[in-house]
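*Asks:* Let me begin by handing over the structure; questions about it come next.
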Amino acid sequence: MSRFLSVVIPVYNEEENVPELGRQVTDALKNLDVRYEILFVDDGSNDGTWKAICDASSRHDGIEGIRLSRNFGHQHALLAGLSHARGEAVISMDGDLQHPPGVIPALFEKWKQGFDIVNTVRTDGAETGGFKKMTSSCFYRLFSSMTDVKLAPGSSDFRLIDARVLEVLFEFRDTDIFLRGAVQWVGFNCATVSYTADRRFTGETKYPLKKMLKFALGAVISFSNKPLRMGIWLGAATSVLAAGELVYILIRYAQGATIPGWASTMGIISFLFGVLFIILGIIGLYISRIHKILQGRPRFIVAERTKAVSRRFP
């Protein structure tokens with residue numbers, strides 16, 4: 001009996017990409033000895049993305065879709081798709097065709113060899129800008145140094161996961177889950193496949209700099225308490241600096257000298273208050289995350305489904 005493979009694709013305002021992506025993924029799967037489903041997840045798009053998914057689903061039995069009630073963000077949309085995937089293994093990929101469907105057979109072959117997780121590592125093409133390469137490299141270096149989870153530069157959410165690994169992932173209760181880190185953290189038997197990123201098929205990136213920075217900050221907060229420990233050492237260092245300044249002032253006062261310069265005094269005070277508020281801000285981020293967890297709100301809400309898509313994981 002042939003294996004059952006799911007392909008999960010979260011999309012947001014990608015109406016022009018859906019038909020071509022469905023065609024290319026279908027072409028990549030049809031030569032494999034598998035039964036399959038291609039599951040599009042519309043993350044609250046405000047264009048014709050959902051209609052494009054419904055049209056593709058009506059024309060092809062292997063294509064299905066779910067629509068979220070609003071935009072929950074890429075990671076939560078991906079999580080929604082994974083929770084509804086019925087396959088023995090699930091491949092996740094982006095909806096802009098920068099993750100080439102032609103790599104799917106290589107991921108499937110690694111899984112057949114016994115690997116539970118098959119990650120991919122991106123090789124940037126000539127069209128990838130220098131700024132994108134630099135920021136991506138900096139993020140993975142920062143994440144690996146700040147956490148106990150090591151991510152290779154060029155990692156992405158283009159991967160294959162065995163269904164039994166998904167069962168473990170759905171035990172995570174993070175409010176802002178970082179799936180790249182979570183998949184690496186759980187362990188299991190892993191393999192890696194490299195690929196060259198293609199150009200975006202149509203449209204513009206949905207991850208501007210502001211969103212990337214928020215994503216990176218959330219990823220680090222999810223897997224590390226080092227920012228809090230750094231705050232302790234930073235506070236200790238500034239306390240030593242302030243104590244040294246106070247000792248200097250007392251010595252000069254004992255010698256009968258007056259310490260001139262309100263500007264320097266106010267500068268030091270402003271610096272110390274700046275450090276204090278940075279530390280308070282870091283603490284606030286962790287408290288905010290705890291607050292979200294205690295609220296217990298759903299990480300995504302499904303508003304509509306095509307055909308008979310049912311939720312597999314809680």
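In the structure tokens, each chain is lettered A, B, ... as it comes, each chain's residues begin at 1, and ligands are numbered from 1 in order of appearance.
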Fewer than 3 positions away in the same chain doesn't count, so skip those; otherwise give me all residues within 7 Å of region 5-16 of chain A, counting only C-alpha atoms, as number ranges by chain.

*Replies:* A: 19, 34-49, 52, 74, 77-78, 81-82, 85-95, 202

*Asks:* For the residues in the current selection, export C-alpha atoms as an mmCIF file, in the first residue's frame.

*Replies:*
data_model
loop_
_atom_site.group_PDB
_atom_site.id
_atom_site.type_symbol
_atom_site.label_atom_id
_atom_site.label_comp_id
_atom_site.auth_asym_id
_atom_site.auth_seq_id
_atom_site.Cartn_x
_atom_site.Cartn_y
_atom_site.Cartn_z
ATOM 1 C CA PRO A 19 -2.840 28.124 -9.243
ATOM 2 C CA VAL A 34 2.164 8.106 -2.755
ATOM 3 C CA ARG A 35 -1.350 9.161 -2.018
ATOM 4 C CA TYR A 36 -1.281 12.845 -1.203
ATOM 5 C CA GLU A 37 -3.144 15.963 -0.195
ATOM 6 C CA ILE A 38 -2.123 19.578 -0.789
ATOM 7 C CA LEU A 39 -3.534 21.750 1.982
ATOM 8 C CA PHE A 40 -3.564 25.516 1.496
ATOM 9 C CA VAL A 41 -4.102 27.668 4.602
ATOM 10 C CA ASP A 42 -5.502 31.129 3.885
ATOM 11 C CA ASP A 43 -4.204 33.308 6.717
ATOM 12 C CA GLY A 44 -6.995 35.905 6.593
ATOM 13 C CA SER A 45 -6.187 37.231 3.105
ATOM 14 C CA ASN A 46 -8.046 40.330 1.892
ATOM 15 C CA ASP A 47 -7.708 39.598 -1.814
ATOM 16 C CA GLY A 48 -8.958 36.678 -3.924
ATOM 17 C CA THR A 49 -6.729 34.035 -2.336
ATOM 18 C CA ALA A 52 -8.298 30.785 -5.897
ATOM 19 C CA HIS A 74 2.717 32.806 9.315
ATOM 20 C CA ALA A 77 -1.185 29.571 9.948
ATOM 21 C CA LEU A 78 1.440 26.878 9.435
ATOM 22 C CA GLY A 81 -2.256 23.444 8.479
ATOM 23 C CA LEU A 82 -0.147 20.918 10.373
ATOM 24 C CA ALA A 85 -2.792 17.356 7.796
ATOM 25 C CA ARG A 86 -3.702 13.663 7.588
ATOM 26 C CA GLY A 87 -0.519 12.273 6.042
ATOM 27 C CA GLU A 88 1.990 9.863 7.532
ATOM 28 C CA ALA A 89 4.483 12.649 6.863
ATOM 29 C CA VAL A 90 3.897 16.349 6.256
ATOM 30 C CA ILE A 91 5.882 18.714 4.053
ATOM 31 C CA SER A 92 5.549 22.429 4.801
ATOM 32 C CA MET A 93 6.541 25.171 2.381
ATOM 33 C CA ASP A 94 5.881 28.842 1.620
ATOM 34 C CA GLY A 95 3.371 30.044 -0.936
ATOM 35 C CA THR A 202 4.455 37.124 -8.282
#

*Asks:* Run DSSP on the backbone and grab whatever in region 91-248 of chain A lands in strand (DSSP E); send it over as a list in words.

*Replies:*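 Written out, the strand (DSSP E) residues of region 91-248 of chain A are Ile91, Ser92, Ile117, Val118, Asn119, Thr120, Val121, Arg122, Thr123, Arg159, Leu160, Ile161, Asp162, Cys190, Ala191, Thr192, Val193, Ser194, Tyr195 and Thr196 of chain A.
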
*Asks:* Using only C-alpha atoms, which residues sit within 12 Å of Met230 (chain A) once same-chain residues fewer than 2 positions away are excluded, as number ranges by chain?

*Replies:* A: 146, 224-228, 232-237, 275, 278-279, 282-283

*Asks:* State, in Å with one decimal place, the distance from CA of Phe4 (chain A) to CA of Gly62 (chain A).

*Replies:* 11.5 Å

*Asks:* Using only C-alpha atoms, which protein or nucleic acid residues come within 7 Å of Asp198 (chain A)? Drop anything in the same chain fewer than 2 positions from it, and give the result as a ChimeraX atom specification.

*Replies:* /A:97-100,196,200

*Asks:* Using only C-alpha atoms, which protein or nucleic acid residues come within 9 Å of Pro105 (chain A)? Drop anything in the same chain fewer than 4 positions from it, and give the result as a PyMOL selection string.

*Replies:* chain A and resi 28-29+31-32+101+109-110

*Asks:* Tell me which protein, DNA and RNA residues are within 7 Å of Val302 (chain A), counting only C-alpha atoms, leaving out same-chain ones fewer than 2 positions away, and put them as number ranges by chain.

*Replies:* A: 66-69, 300, 304

*Asks:* Run DSSP on the backbone of this structure and report the residues of region 10-192 of chain A it assigns to helix (DSSP H, G or I), as a PyMOL selection string.

*Replies:* chain A and resi 18-30+49-59+74-84+101-112+130-146+163-169+179-185

*Asks:* Mind checking which residues fall within 9 Å of Phe170 (chain A), counting only C-alpha atoms, ignoring those fewer than 2 positions away in the same chain, and posting them as a ChimeraX atom specification?

*Replies:* /A:79,83,165-168,172-173,313-314

*Asks:* Choose the residue, out of A:Asp55, A:Arg164, A:Tyr195, A:Val121, that has the smallest atom-to-atom separation from Arg180 (chain A); count only C-alpha atoms.

*Replies:*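 Answer, going by the shortest atom-to-atom distance: A:Val121.
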
*Asks:* In Å, how far is it from CA of Gly154 (chain A) to CA of Thr123 (chain A)?

*Replies:*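 That distance, rounded to one decimal, is 6.8 Å.
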
*Asks:* Taking only C-alpha atoms into account, which of A:Gly284, A:Pro153, A:Gly274, A:Gly22 comes nearest Arg122 (chain A)?

*Replies:*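 Of A:Gly284, A:Pro153, A:Gly274, A:Gly22, the one nearest Arg122 (chain A), counting only C-alpha atoms, is A:Pro153.
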